[in-house]
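Colleague: Questions regarding the structure given below will be posed in turn.
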Amino acid sequence: MAEALLALEDVRAGYGDAIVLDGITLAVPDGGSLAILGRNGVGKSTLLLTIMGFTRVSRGAVMWRGRDITRAGPHWRARKGLGWVAQERDIFPSLSVEENLMVASRPGRWDLGAIYGLFPRLRERRASRGNHLSGGEQQMLAIARALMTNPMLLLLDEPLEGLAPIIVEELTGAIRRMTADEGTAFVLVEQHAEVALSLSAEAIVLERGSIAHRARSQDLLKDAATLERLIGLRLAEEASGF
Ligand SMILES: Nc1ncnc2c1ncn2[C@@H]1O[C@H](COP(=O)(O)OP(=O)(O)O)[C@@H](O)[C@H]1O
Ligand SMILES: [Mg+2]
């Protein structure tokens, strides 16, 4: 089997003395995709923060391309190809769209042209200031900024939260193409479970800081009983098979 891009091995992590995650083991292959599902407060954001190096890991290991990075800091990880889009969209409000993109730029396949190809709406708004964008445009810009750093793996924390259905569709199309066309791997935390599962290859469901279920996304999408038990999701009738 090819070596995983990212692997967590029996990780226990949290903030100070508080343990939030325990026994987390997972792997993402090069060009792969993983959805992280679970109710509010189960530790989804903490898992992404742990991958980026912002939490205290008191057991287990975080591996990046076969190398133990458990003790590496966030900046080192970002330089080595880990990209992260926080739940709070962080863009520079007083800079234009294009300036926001250029300050994040690092050499690689994601340059301005490729980004505007993925997000035509950002090309149209290239001269607009960050604080003049709609919520959906800000989210696109936050993702685009992360891509401009040319990560091998992009961590997305609830990118679809609070967005109108048409924007959700635009964004999911972009995330799909990002991986299909350019091979950028991603880990996606999402409340929109059905969308997340349709975008990803593999999925885990967290419950109280541990992995309660893992499956191929297309299988979990058909597993109405598990989805309802673990995240309270009721599938539409035709999809659930009842
Ligand atoms: N900075 C922090 N310091 C201490 N505890 C935190 C911090 N951030 C989150 N927590 C706690 O960690 C747990 C998981 O939170 P979080 O990872 O944000 O969950 P989710 O993203 O699944 O909603 C919660 O009990 C939350 O209160
Ligand atoms: Mg969260």
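As shown in the structure tokens, the chain order sets the letters A, B, ...; within each chain, residues go from 1, and ligands are also counted from 1 in the order they appear.
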Extract, using only C-alpha atoms, all DNA, RNA and protein residues at most 10 Å from Leu122 (chain A), discarding same-chain residues fewer than 2 positions from it, and format them as a VMD selection string.
Modeller: chain A and resid 97 to 98 115 to 120 124 to 128 133 137 to 138 140 to 141 144
Colleague: How would the residues just picked look written out with N, CA and C atoms as a PDB file, in the first residue's frame?
Modeller:
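Once everything was written out, this is selection.pdb:
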```pdb
ATOM      1  N   VAL A  97      -9.881  41.360  -3.354  1.00  0.00           N
ATOM      2  CA  VAL A  97      -9.846  39.911  -3.576  1.00  0.00           C
ATOM      3  C   VAL A  97      -8.469  39.509  -4.110  1.00  0.00           C
ATOM      4  N   GLU A  98      -8.003  40.243  -5.128  1.00  0.00           N
ATOM      5  CA  GLU A  98      -6.733  39.845  -5.741  1.00  0.00           C
ATOM      6  C   GLU A  98      -5.551  40.040  -4.791  1.00  0.00           C
ATOM      7  N   ILE A 115      -6.918  29.665  -9.897  1.00  0.00           N
ATOM      8  CA  ILE A 115      -7.929  29.998  -8.883  1.00  0.00           C
ATOM      9  C   ILE A 115      -9.165  30.639  -9.530  1.00  0.00           C
ATOM     10  N   TYR A 116      -8.929  31.568 -10.455  1.00  0.00           N
ATOM     11  CA  TYR A 116     -10.072  32.208 -11.121  1.00  0.00           C
ATOM     12  C   TYR A 116     -10.814  31.210 -12.013  1.00  0.00           C
ATOM     13  N   GLY A 117     -10.117  30.189 -12.497  1.00  0.00           N
ATOM     14  CA  GLY A 117     -10.786  29.124 -13.243  1.00  0.00           C
ATOM     15  C   GLY A 117     -11.709  28.324 -12.345  1.00  0.00           C
ATOM     16  N   LEU A 118     -11.256  28.104 -11.107  1.00  0.00           N
ATOM     17  CA  LEU A 118     -12.050  27.328 -10.144  1.00  0.00           C
ATOM     18  C   LEU A 118     -13.204  28.166  -9.588  1.00  0.00           C
ATOM     19  N   PHE A 119     -12.942  29.453  -9.362  1.00  0.00           N
ATOM     20  CA  PHE A 119     -13.954  30.360  -8.798  1.00  0.00           C
ATOM     21  C   PHE A 119     -14.145  31.569  -9.727  1.00  0.00           C
ATOM     22  N   PRO A 120     -14.903  31.404 -10.816  1.00  0.00           N
ATOM     23  CA  PRO A 120     -15.108  32.531 -11.758  1.00  0.00           C
ATOM     24  C   PRO A 120     -15.661  33.764 -11.053  1.00  0.00           C
ATOM     25  N   GLU A 124     -14.619  37.921 -11.216  1.00  0.00           N
ATOM     26  CA  GLU A 124     -15.508  39.078 -11.393  1.00  0.00           C
ATOM     27  C   GLU A 124     -15.338  40.089 -10.260  1.00  0.00           C
ATOM     28  N   ARG A 125     -15.045  39.596  -9.069  1.00  0.00           N
ATOM     29  CA  ARG A 125     -14.967  40.467  -7.892  1.00  0.00           C
ATOM     30  C   ARG A 125     -13.527  40.807  -7.521  1.00  0.00           C
ATOM     31  N   ARG A 126     -12.592  40.626  -8.449  1.00  0.00           N
ATOM     32  CA  ARG A 126     -11.156  40.713  -8.124  1.00  0.00           C
ATOM     33  C   ARG A 126     -10.750  42.047  -7.495  1.00  0.00           C
ATOM     34  N   ALA A 127     -11.452  43.126  -7.851  1.00  0.00           N
ATOM     35  CA  ALA A 127     -11.075  44.443  -7.329  1.00  0.00           C
ATOM     36  C   ALA A 127     -11.853  44.828  -6.072  1.00  0.00           C
ATOM     37  N   SER A 128     -12.822  44.007  -5.666  1.00  0.00           N
ATOM     38  CA  SER A 128     -13.639  44.339  -4.490  1.00  0.00           C
ATOM     39  C   SER A 128     -12.891  44.049  -3.202  1.00  0.00           C
ATOM     40  N   LEU A 133     -17.657  41.715   0.237  1.00  0.00           N
ATOM     41  CA  LEU A 133     -18.101  40.453  -0.365  1.00  0.00           C
ATOM     42  C   LEU A 133     -19.263  39.864   0.430  1.00  0.00           C
ATOM     43  N   GLU A 137     -19.063  34.579  -1.010  1.00  0.00           N
ATOM     44  CA  GLU A 137     -17.831  35.024  -1.684  1.00  0.00           C
ATOM     45  C   GLU A 137     -16.654  35.034  -0.715  1.00  0.00           C
ATOM     46  N   GLN A 138     -16.930  35.420   0.540  1.00  0.00           N
ATOM     47  CA  GLN A 138     -15.856  35.394   1.549  1.00  0.00           C
ATOM     48  C   GLN A 138     -15.368  33.972   1.783  1.00  0.00           C
ATOM     49  N   MET A 140     -15.490  31.513  -0.416  1.00  0.00           N
ATOM     50  CA  MET A 140     -14.702  31.143  -1.600  1.00  0.00           C
ATOM     51  C   MET A 140     -13.303  31.740  -1.504  1.00  0.00           C
ATOM     52  N   LEU A 141     -13.234  32.994  -1.067  1.00  0.00           N
ATOM     53  CA  LEU A 141     -11.936  33.654  -0.965  1.00  0.00           C
ATOM     54  C   LEU A 141     -11.065  32.995   0.100  1.00  0.00           C
ATOM     55  N   ALA A 144      -9.840  29.884  -1.471  1.00  0.00           N
ATOM     56  CA  ALA A 144      -8.896  30.238  -2.541  1.00  0.00           C
ATOM     57  C   ALA A 144      -7.551  30.685  -1.960  1.00  0.00           C
TER      58      ALA A 144
END
```
Colleague: Show me a table, sorted first by chain and then by increasing residue number, of the residues of chain A having an atom at most 9 Å from ligand 1, each with its shortest atom pair and the distance in Å to one decimal, counting only C-alpha atoms and all ligand atoms and written as CSV.
Modeller:
```
residue,atom,partner,partner_atom_place_in_ligand_line,distance
A:Gly14,CA,ligand 1,12 (O),7.2
A:Tyr15,CA,ligand 1,4 (C),5.1
A:Gly16,CA,ligand 1,4 (C),7.6
A:Ala18,CA,ligand 1,4 (C),7.0
A:Ile19,CA,ligand 1,12 (O),8.1
A:Val20,CA,ligand 1,12 (O),5.3
A:Leu21,CA,ligand 1,14 (C),8.1
A:Leu37,CA,ligand 1,22 (O),8.1
A:Gly38,CA,ligand 1,22 (O),6.4
A:Arg39,CA,ligand 1,22 (O),6.2
A:Asn40,CA,ligand 1,23 (O),3.9
A:Gly41,CA,ligand 1,19 (O),3.5
A:Val42,CA,ligand 1,22 (O),4.1
A:Gly43,CA,ligand 1,17 (O),3.3
A:Lys44,CA,ligand 1,22 (O),3.7
A:Ser45,CA,ligand 1,21 (O),3.7
A:Thr46,CA,ligand 1,17 (O),3.7
A:Leu47,CA,ligand 1,17 (O),6.5
A:Leu48,CA,ligand 1,17 (O),8.2
A:Leu49,CA,ligand 1,17 (O),8.1
A:Thr55,CA,ligand 1,1 (N),8.4
A:Gln87,CA,ligand 1,21 (O),8.7
A:Asp157,CA,ligand 1,21 (O),8.0
A:Glu158,CA,ligand 1,21 (O),8.8
A:Val189,CA,ligand 1,21 (O),8.0
A:Leu206,CA,ligand 1,22 (O),7.9
A:Glu207,CA,ligand 1,22 (O),8.7
A:Arg208,CA,ligand 1,14 (C),8.0
A:Gly209,CA,ligand 1,14 (C),7.3
```
Colleague: Restricting the calculation to only C-alpha atoms and all ligand atoms: of A:Ala13, A:Met63, A:Ala86, A:Leu233, which residue gets closest to ligand 2?
Modeller: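 Residue with the minimum atom-to-atom distance to ligand 2: A:Ala86.
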Colleague: Do you have the CA of Val28 (chain A)-CA of Ser217 (chain A) distance handy?
Modeller: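 Taking CA of Val28 (chain A) and CA of Ser217 (chain A), their separation equals 13.5 Å.
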Colleague: Determine the nearest neighbour of ligand 2 from the options A:Ala146, A:Gln191, A:Pro165, A:Gly73, counting only C-alpha atoms and all ligand atoms.
Modeller: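 That would be A:Gln191, the residue with the smallest distance to ligand 2.
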Colleague: What are the DSSP alpha helix (DSSP H) residues of region 3-215 of chain A, as an MDAnalysis selection string?
Modeller: chainID A and resid 44:52 74:79 97:104 112:118 120:124 135:148 165:182 193:199
Colleague: From the set A:Leu8, A:Pro151, A:Ala78, A:Glu190, which residue has the shortest atom-to-atom contact distance to ligand 2, counting only C-alpha atoms and all ligand atoms?
Modeller: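 Residue with the minimum atom-to-atom distance to ligand 2: A:Glu190.
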Colleague: Got a sec to tell me which of region 89-199 of chain A DSSP assigns to strand (DSSP E or B), as a PDB file with all heavy atoms, in the first residue's frame?
Modeller:
```pdb
ATOM      1  N   SER A  96      -8.219  43.964  -1.451  1.00  0.00           N
ATOM      2  CA  SER A  96      -9.075  43.467  -2.529  1.00  0.00           C
ATOM      3  C   SER A  96      -8.973  41.945  -2.603  1.00  0.00           C
ATOM      4  O   SER A  96      -8.074  41.341  -2.007  1.00  0.00           O
ATOM      5  CB  SER A  96      -8.647  44.068  -3.864  1.00  0.00           C
ATOM      6  OG  SER A  96      -7.418  43.484  -4.274  1.00  0.00           O
ATOM      7  N   ARG A 129     -13.142  44.898  -2.204  1.00  0.00           N
ATOM      8  CA  ARG A 129     -12.525  44.666  -0.894  1.00  0.00           C
ATOM      9  C   ARG A 129     -13.190  43.496  -0.186  1.00  0.00           C
ATOM     10  O   ARG A 129     -14.382  43.253  -0.358  1.00  0.00           O
ATOM     11  CB  ARG A 129     -12.640  45.924  -0.040  1.00  0.00           C
ATOM     12  CG  ARG A 129     -11.605  46.989  -0.394  1.00  0.00           C
ATOM     13  CD  ARG A 129     -11.997  48.324   0.170  1.00  0.00           C
ATOM     14  NE  ARG A 129     -12.376  48.210   1.585  1.00  0.00           N
ATOM     15  CZ  ARG A 129     -12.066  49.118   2.511  1.00  0.00           C
ATOM     16  NH1 ARG A 129     -11.346  50.172   2.176  1.00  0.00           N
ATOM     17  NH2 ARG A 129     -12.459  48.965   3.738  1.00  0.00           N
ATOM     18  N   LEU A 153      -2.573  18.969   1.201  1.00  0.00           N
ATOM     19  CA  LEU A 153      -3.798  18.572   1.905  1.00  0.00           C
ATOM     20  C   LEU A 153      -4.464  19.823   2.448  1.00  0.00           C
ATOM     21  O   LEU A 153      -3.808  20.658   3.080  1.00  0.00           O
ATOM     22  CB  LEU A 153      -3.454  17.627   3.071  1.00  0.00           C
ATOM     23  CG  LEU A 153      -4.609  17.196   3.959  1.00  0.00           C
ATOM     24  CD1 LEU A 153      -5.562  16.267   3.225  1.00  0.00           C
ATOM     25  CD2 LEU A 153      -4.096  16.497   5.218  1.00  0.00           C
ATOM     26  N   LEU A 154      -5.758  19.951   2.176  1.00  0.00           N
ATOM     27  CA  LEU A 154      -6.498  21.119   2.639  1.00  0.00           C
ATOM     28  C   LEU A 154      -7.515  20.689   3.697  1.00  0.00           C
ATOM     29  O   LEU A 154      -8.301  19.773   3.472  1.00  0.00           O
ATOM     30  CB  LEU A 154      -7.213  21.765   1.446  1.00  0.00           C
ATOM     31  CG  LEU A 154      -7.914  23.093   1.698  1.00  0.00           C
ATOM     32  CD1 LEU A 154      -6.918  24.158   2.159  1.00  0.00           C
ATOM     33  CD2 LEU A 154      -8.626  23.561   0.429  1.00  0.00           C
ATOM     34  N   LEU A 155      -7.475  21.363   4.857  1.00  0.00           N
ATOM     35  CA  LEU A 155      -8.422  21.081   5.938  1.00  0.00           C
ATOM     36  C   LEU A 155      -9.519  22.139   5.896  1.00  0.00           C
ATOM     37  O   LEU A 155      -9.224  23.336   5.962  1.00  0.00           O
ATOM     38  CB  LEU A 155      -7.713  21.130   7.296  1.00  0.00           C
ATOM     39  CG  LEU A 155      -6.425  20.308   7.407  1.00  0.00           C
ATOM     40  CD1 LEU A 155      -5.765  20.548   8.769  1.00  0.00           C
ATOM     41  CD2 LEU A 155      -6.710  18.827   7.209  1.00  0.00           C
ATOM     42  N   LEU A 156     -10.768  21.710   5.774  1.00  0.00           N
ATOM     43  CA  LEU A 156     -11.883  22.647   5.637  1.00  0.00           C
ATOM     44  C   LEU A 156     -12.846  22.463   6.801  1.00  0.00           C
ATOM     45  O   LEU A 156     -13.403  21.382   6.988  1.00  0.00           O
ATOM     46  CB  LEU A 156     -12.632  22.372   4.325  1.00  0.00           C
ATOM     47  CG  LEU A 156     -11.841  22.585   3.033  1.00  0.00           C
ATOM     48  CD1 LEU A 156     -12.543  21.911   1.849  1.00  0.00           C
ATOM     49  CD2 LEU A 156     -11.674  24.072   2.777  1.00  0.00           C
ATOM     50  N   ASP A 157     -13.046  23.525   7.583  1.00  0.00           N
ATOM     51  CA  ASP A 157     -13.913  23.441   8.764  1.00  0.00           C
ATOM     52  C   ASP A 157     -15.263  24.108   8.477  1.00  0.00           C
ATOM     53  O   ASP A 157     -15.376  25.332   8.499  1.00  0.00           O
ATOM     54  CB  ASP A 157     -13.228  24.095   9.971  1.00  0.00           C
ATOM     55  CG  ASP A 157     -13.851  23.639  11.287  1.00  0.00           C
ATOM     56  OD1 ASP A 157     -14.983  23.108  11.258  1.00  0.00           O
ATOM     57  OD2 ASP A 157     -13.202  23.803  12.336  1.00  0.00           O
ATOM     58  N   ALA A 185      -5.658  16.814  -1.884  1.00  0.00           N
ATOM     59  CA  ALA A 185      -6.397  16.014  -0.900  1.00  0.00           C
ATOM     60  C   ALA A 185      -7.110  16.943   0.078  1.00  0.00           C
ATOM     61  O   ALA A 185      -6.690  18.088   0.273  1.00  0.00           O
ATOM     62  CB  ALA A 185      -5.435  15.099  -0.145  1.00  0.00           C
ATOM     63  N   PHE A 186      -8.211  16.458   0.681  1.00  0.00           N
ATOM     64  CA  PHE A 186      -8.857  17.301   1.691  1.00  0.00           C
ATOM     65  C   PHE A 186      -9.457  16.493   2.828  1.00  0.00           C
ATOM     66  O   PHE A 186      -9.773  15.310   2.686  1.00  0.00           O
ATOM     67  CB  PHE A 186      -9.922  18.216   1.061  1.00  0.00           C
ATOM     68  CG  PHE A 186     -11.127  17.521   0.497  1.00  0.00           C
ATOM     69  CD1 PHE A 186     -12.185  17.153   1.310  1.00  0.00           C
ATOM     70  CD2 PHE A 186     -11.218  17.257  -0.869  1.00  0.00           C
ATOM     71  CE1 PHE A 186     -13.305  16.520   0.783  1.00  0.00           C
ATOM     72  CE2 PHE A 186     -12.339  16.614  -1.408  1.00  0.00           C
ATOM     73  CZ  PHE A 186     -13.382  16.251  -0.577  1.00  0.00           C
ATOM     74  N   VAL A 187      -9.570  17.167   3.966  1.00  0.00           N
ATOM     75  CA  VAL A 187     -10.326  16.671   5.112  1.00  0.00           C
ATOM     76  C   VAL A 187     -11.414  17.703   5.354  1.00  0.00           C
ATOM     77  O   VAL A 187     -11.125  18.889   5.523  1.00  0.00           O
ATOM     78  CB  VAL A 187      -9.448  16.510   6.373  1.00  0.00           C
ATOM     79  CG1 VAL A 187     -10.300  16.091   7.563  1.00  0.00           C
ATOM     80  CG2 VAL A 187      -8.337  15.493   6.133  1.00  0.00           C
ATOM     81  N   LEU A 188     -12.661  17.258   5.324  1.00  0.00           N
ATOM     82  CA  LEU A 188     -13.802  18.165   5.352  1.00  0.00           C
ATOM     83  C   LEU A 188     -14.669  17.905   6.574  1.00  0.00           C
ATOM     84  O   LEU A 188     -15.208  16.821   6.754  1.00  0.00           O
ATOM     85  CB  LEU A 188     -14.631  17.948   4.071  1.00  0.00           C
ATOM     86  CG  LEU A 188     -15.989  18.625   3.962  1.00  0.00           C
ATOM     87  CD1 LEU A 188     -15.846  20.142   3.928  1.00  0.00           C
ATOM     88  CD2 LEU A 188     -16.718  18.142   2.710  1.00  0.00           C
ATOM     89  N   VAL A 189     -14.784  18.915   7.437  1.00  0.00           N
ATOM     90  CA  VAL A 189     -15.737  18.875   8.553  1.00  0.00           C
ATOM     91  C   VAL A 189     -17.006  19.562   8.078  1.00  0.00           C
ATOM     92  O   VAL A 189     -16.951  20.669   7.544  1.00  0.00           O
ATOM     93  CB  VAL A 189     -15.172  19.625   9.783  1.00  0.00           C
ATOM     94  CG1 VAL A 189     -16.257  19.831  10.831  1.00  0.00           C
ATOM     95  CG2 VAL A 189     -13.995  18.865  10.376  1.00  0.00           C
TER      96      VAL A 189
END
```
Colleague: Nearest residue to ligand 2 out of A:Leu5, A:Ala215, A:Ile36, A:Leu227, using only C-alpha atoms and all ligand atoms?
Modeller: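 Nearest to ligand 2: A:Ile36.
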Colleague: Please determine, counting only C-alpha atoms, which residue among A:His213, A:Lys222, A:Arg234, A:Arg106 has the shortest atom-to-atom distance to Gly81 (chain A).
Modeller: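 Going through A:His213, A:Lys222, A:Arg234, A:Arg106 one by one, the smallest distance to Gly81 (chain A) is for A:Arg106.
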Colleague: Would you please work out which residue, of A:Glu161, A:Arg229, A:Glu99, A:Asp181, is nearest to ligand 2 when using only C-alpha atoms and all ligand atoms?
Modeller: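 Of A:Glu161, A:Arg229, A:Glu99, A:Asp181, the one nearest ligand 2 is A:Glu161, counting only C-alpha atoms and all ligand atoms.
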Colleague: Please provide the set of residues having any atom within 9 Å of Glu182 (chain A), restricted to only C-alpha atoms, with same-chain residues fewer than 6 positions apart removed, written as a CSV table (one decimal) with all heavy atoms, in the first residue's frame.
Modeller:
```csv
chain,number,residue,atom,x,y,z
A,31,GLY,N,-4.0,12.6,-2.6
A,31,GLY,CA,-5.1,12.9,-3.4
A,31,GLY,C,-6.4,12.4,-2.9
A,31,GLY,O,-7.5,12.4,-3.5
A,109,ARG,N,1.0,24.8,-8.7
A,109,ARG,CA,0.0,24.8,-9.7
A,109,ARG,C,-1.2,25.7,-9.5
A,109,ARG,O,-1.9,26.2,-10.4
A,109,ARG,CB,-0.5,23.4,-9.9
A,109,ARG,CG,-1.1,22.7,-8.7
A,109,ARG,CD,-1.1,21.2,-8.8
A,109,ARG,NE,-1.8,20.6,-7.7
A,109,ARG,CZ,-1.4,20.4,-6.5
A,109,ARG,NH1,-0.2,21.0,-6.1
A,109,ARG,NH2,-2.1,19.8,-5.5
A,110,TRP,N,-1.4,26.1,-8.2
A,110,TRP,CA,-2.5,27.0,-7.9
A,110,TRP,C,-2.0,28.4,-7.9
A,110,TRP,O,-1.4,28.9,-7.0
A,110,TRP,CB,-3.1,26.7,-6.5
A,110,TRP,CG,-3.9,25.5,-6.5
A,110,TRP,CD1,-3.6,24.3,-5.8
A,110,TRP,CD2,-5.2,25.2,-7.1
A,110,TRP,NE1,-4.5,23.4,-6.0
A,110,TRP,CE2,-5.5,23.9,-6.8
A,110,TRP,CE3,-6.0,25.9,-7.9
A,110,TRP,CZ2,-6.7,23.3,-7.3
A,110,TRP,CZ3,-7.2,25.3,-8.4
A,110,TRP,CH2,-7.5,24.0,-8.1
```
Colleague: How many Å separate CA of Ile167 (chain A) from CA of Ile231 (chain A)?
Modeller: 24.0 Å
Colleague: Hey, can you check how far CA of Ala180 (chain A) sits from CA of Leu199 (chain A)?
Modeller: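 Atom-to-atom, CA of Ala180 (chain A) and CA of Leu199 (chain A) are spaced 10.4 Å apart.
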Colleague: Mind checking which residues fall within 12 Å of Arg79 (chain A), counting only C-alpha atoms, ignoring those fewer than 4 positions away in the same chain, and posting them as a VMD selection string?
Modeller: chain A and resid 52 72 to 75 83 to 84 104 to 107 146 149 to 153
Colleague: Restricting it to N, CA, C and O atoms, dump the selection as a PDB file, in the first residue's frame.
Modeller:
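Result file out_8.pdb:
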```pdb
ATOM      1  N   MET A  52      -3.136  20.524  12.459  1.00  0.00           N
ATOM      2  CA  MET A  52      -2.332  21.718  12.178  1.00  0.00           C
ATOM      3  C   MET A  52      -1.302  22.031  13.267  1.00  0.00           C
ATOM      4  O   MET A  52      -0.460  22.904  13.095  1.00  0.00           O
ATOM      5  N   ALA A  72       5.900  19.227  15.737  1.00  0.00           N
ATOM      6  CA  ALA A  72       6.155  20.362  14.831  1.00  0.00           C
ATOM      7  C   ALA A  72       5.078  21.427  15.011  1.00  0.00           C
ATOM      8  O   ALA A  72       3.920  21.123  15.279  1.00  0.00           O
ATOM      9  N   GLY A  73       5.460  22.680  14.868  1.00  0.00           N
ATOM     10  CA  GLY A  73       4.530  23.789  15.037  1.00  0.00           C
ATOM     11  C   GLY A  73       3.717  24.051  13.774  1.00  0.00           C
ATOM     12  O   GLY A  73       4.027  23.537  12.702  1.00  0.00           O
ATOM     13  N   PRO A  74       2.654  24.857  13.935  1.00  0.00           N
ATOM     14  CA  PRO A  74       1.754  25.150  12.806  1.00  0.00           C
ATOM     15  C   PRO A  74       2.455  25.735  11.573  1.00  0.00           C
ATOM     16  O   PRO A  74       2.125  25.373  10.455  1.00  0.00           O
ATOM     17  N   HIS A  75       3.412  26.641  11.786  1.00  0.00           N
ATOM     18  CA  HIS A  75       4.043  27.269  10.617  1.00  0.00           C
ATOM     19  C   HIS A  75       4.856  26.271   9.826  1.00  0.00           C
ATOM     20  O   HIS A  75       4.848  26.284   8.600  1.00  0.00           O
ATOM     21  N   GLY A  83      -2.700  22.825   4.501  1.00  0.00           N
ATOM     22  CA  GLY A  83      -3.479  24.068   4.418  1.00  0.00           C
ATOM     23  C   GLY A  83      -4.731  23.943   5.261  1.00  0.00           C
ATOM     24  O   GLY A  83      -5.279  22.851   5.406  1.00  0.00           O
ATOM     25  N   TRP A  84      -5.170  25.060   5.841  1.00  0.00           N
ATOM     26  CA  TRP A  84      -6.296  25.009   6.777  1.00  0.00           C
ATOM     27  C   TRP A  84      -7.187  26.222   6.574  1.00  0.00           C
ATOM     28  O   TRP A  84      -6.686  27.343   6.496  1.00  0.00           O
ATOM     29  N   ALA A 104      -1.082  35.470  -0.124  1.00  0.00           N
ATOM     30  CA  ALA A 104      -1.001  34.065   0.311  1.00  0.00           C
ATOM     31  C   ALA A 104      -0.170  33.220  -0.651  1.00  0.00           C
ATOM     32  O   ALA A 104       0.184  32.087  -0.344  1.00  0.00           O
ATOM     33  N   SER A 105       0.157  33.780  -1.815  1.00  0.00           N
ATOM     34  CA  SER A 105       0.713  32.995  -2.920  1.00  0.00           C
ATOM     35  C   SER A 105       2.072  32.356  -2.639  1.00  0.00           C
ATOM     36  O   SER A 105       2.981  32.975  -2.107  1.00  0.00           O
ATOM     37  N   ARG A 106       2.153  31.083  -2.965  1.00  0.00           N
ATOM     38  CA  ARG A 106       3.429  30.375  -2.982  1.00  0.00           C
ATOM     39  C   ARG A 106       3.494  29.582  -4.279  1.00  0.00           C
ATOM     40  O   ARG A 106       2.467  29.199  -4.814  1.00  0.00           O
ATOM     41  N   PRO A 107       4.717  29.340  -4.810  1.00  0.00           N
ATOM     42  CA  PRO A 107       4.819  28.713  -6.129  1.00  0.00           C
ATOM     43  C   PRO A 107       4.122  27.353  -6.174  1.00  0.00           C
ATOM     44  O   PRO A 107       4.144  26.604  -5.199  1.00  0.00           O
ATOM     45  N   ALA A 146      -6.244  29.711   0.848  1.00  0.00           N
ATOM     46  CA  ALA A 146      -5.538  28.510   1.315  1.00  0.00           C
ATOM     47  C   ALA A 146      -4.939  27.753   0.129  1.00  0.00           C
ATOM     48  O   ALA A 146      -3.815  27.247   0.209  1.00  0.00           O
ATOM     49  N   THR A 149      -1.517  28.839  -1.298  1.00  0.00           N
ATOM     50  CA  THR A 149      -0.289  28.388  -0.629  1.00  0.00           C
ATOM     51  C   THR A 149       0.149  27.025  -1.173  1.00  0.00           C
ATOM     52  O   THR A 149       1.151  26.477  -0.750  1.00  0.00           O
ATOM     53  N   ASN A 150      -0.649  26.495  -2.108  1.00  0.00           N
ATOM     54  CA  ASN A 150      -0.353  25.212  -2.752  1.00  0.00           C
ATOM     55  C   ASN A 150      -0.127  24.060  -1.777  1.00  0.00           C
ATOM     56  O   ASN A 150       0.923  23.406  -1.778  1.00  0.00           O
ATOM     57  N   PRO A 151      -1.164  23.805  -0.953  1.00  0.00           N
ATOM     58  CA  PRO A 151      -1.070  22.692  -0.007  1.00  0.00           C
ATOM     59  C   PRO A 151      -1.240  21.346  -0.711  1.00  0.00           C
ATOM     60  O   PRO A 151      -1.855  21.273  -1.778  1.00  0.00           O
ATOM     61  N   MET A 152      -0.695  20.301  -0.109  1.00  0.00           N
ATOM     62  CA  MET A 152      -0.966  18.945  -0.603  1.00  0.00           C
ATOM     63  C   MET A 152      -2.255  18.421   0.013  1.00  0.00           C
ATOM     64  O   MET A 152      -2.901  17.541  -0.530  1.00  0.00           O
ATOM     65  N   LEU A 153      -2.573  18.969   1.201  1.00  0.00           N
ATOM     66  CA  LEU A 153      -3.798  18.572   1.905  1.00  0.00           C
ATOM     67  C   LEU A 153      -4.464  19.823   2.448  1.00  0.00           C
ATOM     68  O   LEU A 153      -3.808  20.658   3.080  1.00  0.00           O
TER      69      LEU A 153
END
```
Colleague: May I have the residues within 9 Å of region 23-25 of chain A as number ranges by chain, using only C-alpha atoms and disregarding those fewer than 3 positions away in the same chain?
Modeller: A: 7-12, 47, 59-60, 209-211
